[in-house]
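Asker: Dropping a structure here in structure tokens format, bear with me for questions.
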Amino acid sequence: MAVCARLCGVGPARGCRRRGAAREQRRGAADSEPDTDTDPEEAGGGGGVTEDEEVAERIEGGRPAPPPVEAGPAGRAPLSLLELPPELLVQIFGSLPGTDLPNLARVCTTFRRILRTDTIWRRRCREEYGVCENLRKLEITGVSCRDVYAKLLHRYRHILGLWQPDIGPYGGLLNVVVDGLFIIGWMYLPPHDPHVDDPMRFKPLFRIHLMERKCATVECMYGHKGPHNGHIQIVKKDEFSTKCNQTDHHRMSGGRQEEFRTWLREEWGRTLEDIFHEHMQELILMKFIYTSQYDNCLTYRRIYLPPSSPDDLIRPGLFKGTYGSHGLEIVMLSFHGKKAKGTKITGDPNIPAGQQTVEIDLAHPLQLPDIENLHDFSELSRIVLEVQEQVRREEQEQEQRQEEEECSQQAASQPAANPLGGEGAEGEETAAGAEGTTQNKAPASQPFVLPMGVISRNEDYPRTCRICFYGTGLIAGHGFTSPERTPGVFVLFDDDRFGFIWLELKSFSLYSRIKVSFQNAEAPSREAFDEMLKNIQSLAT
């Protein structure tokens, strides 16, 4: 009762409101003293729950609550929060976002004392970050739920989500998540070539946890000698870097040869003797030398999952695809009106990560020949080249209309009523026509087989498809020299698989959806996603 009365700010016994005005004034001045600290770490004061142990035990089911303290004349409703029972205040405060609690602690010392109750912070850890562990076990180590929230979860909240490491042309996919009482950075790797339908592999690169009340501990997980000392620096909102302080833990007793063999088994699932193609051996050795020099000292930039629309051909997202001797790579499929784009999240020395590997023209579906003629590569090539010429003529006509509109606007010396003019209306009509074509064509399936002479890393591709579109693929020499877009065929098999026939290379890439539920990866807006795509492409260039 005494603790309850102190938290309510009404004194230790009934009738405390009838005390002298002088004493009330002194108590009010003390209780209403503002606090200047706004960090969640300080929202509950410097101590744990020592002063509120009796209240916390009662709130958490230790024993039943006593009758409420009489706060005024009989029948009068409470006039302020200070007159409410402490267990009710704990429930109210616990329902607020954790970032609002520091401001609440500044109101008065009474609120600050109540915010020491761990029940509040246990709820915030669960609802905001999904921590479902038994946080009561932390009491053994002397770490409170408030410490977990303020020094671990809140402090490192900006690095949660999807990131692309800056590893030259190779890129990568890092997913930072709250895992129990840890924050772990998982590097996602494609399955071993050419098994594109297999699930993704992943390995930890770093972890952060709270060993003691003082501060969180960052550990590097790279190598095979267990966790060791590391460091994380948050450069800005959408960028952070990692550094290993004990790189000797990455070395193996057998030297670089043993490290290479181990890496090859993990990366490719085979030995160098199993790879007979000399060019492929050179690419693999080059990647090992390039990536191992970083020693897990990397800079990461945030990436978002593409936003979806009911009019999209299929659900956008991340896919893993075959890229010849380069193995499997990760591609992000996104839709932009009457275009669809495949952007590389991982890359290779020819087409680096961040570049747009394929572009699909949804306004130009392709009618494939019957199954007998589809075996003939020249027949497929003839159909695609005809559409390519049609697209080129349409682009020239569109440019000519734009020039004419600009000239007419300048002659009239008046601003256009519609900045898009006829082009915008026609573009909308074309996009609508493309969507209508897609909706009409997509439900029907047709037999599919690769033409003779087209090389595929995976012969186990689907033998029926929904629809095909004209598209272009980006090819280049080593070091991204002489890049050019060449014609090809986008083949939609189902909701989770598509393919692309590269006409000039006479090769076929098969893509399969990455079926992982990524958290904290949604773009705040369409504009933010488009800006992200532009940034990663400019970095790759």
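Residue numbers start at 1 in each chain; chains themselves are named A, B, ... in the order of the structure tokens; ligands are numbered from 1 in the order shown.
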So which residues touch segment 149-154 of chain A within 7 Å, counting only C-alpha atoms, skipping near sequence neighbours fewer than 3 positions away, as an mmCIF file with all heavy atoms, in the first residue's frame?

Answerer:
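Below you can see around25.cif, which holds the result:
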```cif
data_model
loop_
_atom_site.group_PDB
_atom_site.id
_atom_site.type_symbol
_atom_site.label_atom_id
_atom_site.label_comp_id
_atom_site.auth_asym_id
_atom_site.auth_seq_id
_atom_site.Cartn_x
_atom_site.Cartn_y
_atom_site.Cartn_z
ATOM 1 N N PRO A 40 15.652 6.209 -24.586
ATOM 2 C CA PRO A 40 14.930 5.130 -23.919
ATOM 3 C C PRO A 40 15.741 4.466 -22.824
ATOM 4 O O PRO A 40 15.206 3.923 -21.865
ATOM 5 C CB PRO A 40 14.647 4.148 -25.061
ATOM 6 C CG PRO A 40 14.665 4.980 -26.290
ATOM 7 C CD PRO A 40 15.675 6.055 -26.028
ATOM 8 N N GLU A 41 17.067 4.512 -22.944
ATOM 9 C CA GLU A 41 17.928 3.909 -21.935
ATOM 10 C C GLU A 41 17.747 4.584 -20.589
ATOM 11 O O GLU A 41 17.946 3.988 -19.540
ATOM 12 C CB GLU A 41 19.377 4.004 -22.406
ATOM 13 C CG GLU A 41 20.355 3.276 -21.494
ATOM 14 C CD GLU A 41 21.750 3.282 -22.081
ATOM 15 O OE1 GLU A 41 21.868 3.497 -23.296
ATOM 16 O OE2 GLU A 41 22.685 3.072 -21.322
ATOM 17 N N TRP A 121 8.790 -2.752 -20.460
ATOM 18 C CA TRP A 121 9.827 -2.946 -21.473
ATOM 19 C C TRP A 121 9.768 -4.353 -22.053
ATOM 20 O O TRP A 121 10.132 -4.557 -23.219
ATOM 21 C CB TRP A 121 11.186 -2.654 -20.866
ATOM 22 C CG TRP A 121 11.252 -1.243 -20.365
ATOM 23 C CD1 TRP A 121 11.119 -0.818 -19.071
ATOM 24 C CD2 TRP A 121 11.399 -0.069 -21.151
ATOM 25 N NE1 TRP A 121 11.195 0.550 -19.005
ATOM 26 C CE2 TRP A 121 11.363 1.042 -20.271
ATOM 27 C CE3 TRP A 121 11.557 0.163 -22.511
ATOM 28 C CZ2 TRP A 121 11.484 2.341 -20.718
ATOM 29 C CZ3 TRP A 121 11.678 1.468 -22.954
ATOM 30 C CH2 TRP A 121 11.642 2.540 -22.063
ATOM 31 N N CYS A 125 9.571 -4.951 -26.072
ATOM 32 C CA CYS A 125 10.488 -5.855 -26.787
ATOM 33 C C CYS A 125 9.709 -6.866 -27.619
ATOM 34 O O CYS A 125 10.089 -7.182 -28.754
ATOM 35 C CB CYS A 125 11.400 -6.591 -25.806
ATOM 36 S SG CYS A 125 12.624 -5.551 -24.980
ATOM 37 N N CYS A 145 14.911 -5.873 -18.928
ATOM 38 C CA CYS A 145 14.284 -5.746 -20.251
ATOM 39 C C CYS A 145 14.492 -4.350 -20.810
ATOM 40 O O CYS A 145 14.584 -4.161 -22.029
ATOM 41 C CB CYS A 145 12.792 -6.073 -20.161
ATOM 42 S SG CYS A 145 12.449 -7.771 -19.651
ATOM 43 N N ARG A 146 14.546 -3.351 -19.921
ATOM 44 C CA ARG A 146 14.816 -1.995 -20.376
ATOM 45 C C ARG A 146 16.211 -1.896 -20.989
ATOM 46 O O ARG A 146 16.422 -1.190 -21.984
ATOM 47 C CB ARG A 146 14.673 -1.003 -19.221
ATOM 48 C CG ARG A 146 14.895 0.450 -19.636
ATOM 49 C CD ARG A 146 14.505 1.377 -18.510
ATOM 50 N NE ARG A 146 15.288 1.125 -17.310
ATOM 51 C CZ ARG A 146 16.503 1.654 -17.092
ATOM 52 N NH1 ARG A 146 17.031 2.453 -17.981
ATOM 53 N NH2 ARG A 146 17.155 1.395 -15.979
ATOM 54 N N ARG A 157 18.407 -0.501 -34.161
ATOM 55 C CA ARG A 157 17.201 -0.691 -34.965
ATOM 56 C C ARG A 157 17.418 -0.289 -36.425
ATOM 57 O O ARG A 157 16.773 -0.826 -37.333
ATOM 58 C CB ARG A 157 16.043 0.115 -34.370
ATOM 59 C CG ARG A 157 16.194 1.628 -34.498
ATOM 60 C CD ARG A 157 15.197 2.370 -33.618
ATOM 61 N NE ARG A 157 15.262 3.823 -33.787
ATOM 62 C CZ ARG A 157 16.167 4.595 -33.234
ATOM 63 N NH1 ARG A 157 17.125 4.050 -32.474
ATOM 64 N NH2 ARG A 157 16.156 5.903 -33.413
ATOM 65 N N HIS A 209 24.859 -8.814 -29.041
ATOM 66 C CA HIS A 209 24.069 -9.246 -27.890
ATOM 67 C C HIS A 209 24.519 -8.476 -26.652
ATOM 68 O O HIS A 209 25.555 -7.802 -26.649
ATOM 69 C CB HIS A 209 24.172 -10.757 -27.672
ATOM 70 C CG HIS A 209 25.564 -11.266 -27.459
ATOM 71 N ND1 HIS A 209 25.956 -11.942 -26.333
ATOM 72 C CD2 HIS A 209 26.677 -11.198 -28.233
ATOM 73 C CE1 HIS A 209 27.228 -12.275 -26.433
ATOM 74 N NE2 HIS A 209 27.683 -11.826 -27.573
ATOM 75 N N LEU A 210 23.710 -8.591 -25.622
ATOM 76 C CA LEU A 210 23.942 -7.850 -24.386
ATOM 77 C C LEU A 210 24.504 -8.812 -23.349
ATOM 78 O O LEU A 210 23.791 -9.624 -22.764
ATOM 79 C CB LEU A 210 22.632 -7.229 -23.894
ATOM 80 C CG LEU A 210 22.738 -5.973 -23.028
ATOM 81 C CD1 LEU A 210 23.449 -4.858 -23.787
ATOM 82 C CD2 LEU A 210 21.360 -5.509 -22.595
ATOM 83 N N CYS A 215 27.055 -2.276 -22.003
ATOM 84 C CA CYS A 215 26.818 -1.994 -23.413
ATOM 85 C C CYS A 215 26.694 -3.302 -24.172
ATOM 86 O O CYS A 215 27.044 -4.373 -23.663
ATOM 87 C CB CYS A 215 27.941 -1.133 -24.016
ATOM 88 S SG CYS A 215 29.563 -1.921 -23.969
ATOM 89 N N ALA A 216 26.221 -3.210 -25.426
ATOM 90 C CA ALA A 216 26.083 -4.386 -26.276
ATOM 91 C C ALA A 216 27.447 -4.787 -26.836
ATOM 92 O O ALA A 216 28.348 -3.965 -27.013
ATOM 93 C CB ALA A 216 25.107 -4.108 -27.409
#
```

Asker: Which is closest to His195 of chain A among A:Pro102, A:Gly327, A:Pro310, A:Pro316, if we use only C-alpha atoms?

Answerer: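 Answer, going by the shortest atom-to-atom distance: A:Gly327.
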
Asker: Select from segment 176-266 of chain A every residue with an atom at most 10 Å from any atom of segment 281-297 of chain A, then for each give the shortest pair of atoms and their distance in Å to one decimal, using only C-alpha atoms, rows by chain and rising number, as a Markdown table.

Answerer:
```
| residue | atom | partner | partner_atom | distance |
| --- | --- | --- | --- | --- |
| A:Leu205 | CA | A:Asn296 | CA | 7.4 |
| A:Phe206 | CA | A:Asn296 | CA | 8.9 |
| A:Cys220 | CA | A:Asn296 | CA | 7.8 |
| A:Met221 | CA | A:Asn296 | CA | 8.9 |
| A:Tyr222 | CA | A:Asn296 | CA | 6.7 |
| A:Gly223 | CA | A:Asp295 | CA | 9.0 |
| A:Gly230 | CA | A:Cys297 | CA | 9.4 |
| A:His231 | CA | A:Cys297 | CA | 9.2 |
| A:Ile232 | CA | A:Cys297 | CA | 9.6 |
| A:Ser241 | CA | A:Cys297 | CA | 7.2 |
| A:Thr242 | CA | A:Cys297 | CA | 5.2 |
| A:Lys243 | CA | A:Cys297 | CA | 4.3 |
| A:Cys244 | CA | A:Cys297 | CA | 6.1 |
| A:Asn245 | CA | A:Cys297 | CA | 9.3 |
| A:Gln246 | CA | A:Asp295 | CA | 9.6 |
| A:Thr247 | CA | A:Asp295 | CA | 6.6 |
| A:Asp248 | CA | A:Asp295 | CA | 9.5 |
| A:His249 | CA | A:Asp295 | CA | 9.9 |
| A:His250 | CA | A:Asp295 | CA | 7.3 |
| A:Arg251 | CA | A:Asp295 | CA | 9.7 |
| A:Arg256 | CA | A:Ile289 | CA | 9.8 |
| A:Glu259 | CA | A:Ser292 | CA | 9.4 |
| A:Phe260 | CA | A:Phe288 | CA | 7.0 |
| A:Trp263 | CA | A:Phe288 | CA | 7.6 |
| A:Leu264 | CA | A:Ile284 | CA | 8.1 |
```

Asker: So, counting only C-alpha atoms, which residue among A:Ile303, A:Ile234, A:Leu88, A:Val178 is closest to Asn535 of chain A?

Answerer: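 Closest to Asn535 of chain A of all the choices is A:Ile303.
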
Asker: Out of A:Met332, A:His478, A:Lys320, A:Glu379, which residue has the shortest atom-to-atom distance to Asp198 of chain A when counting only C-alpha atoms?

Answerer: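 Closest to Asp198 of chain A of all the choices is A:Lys320.
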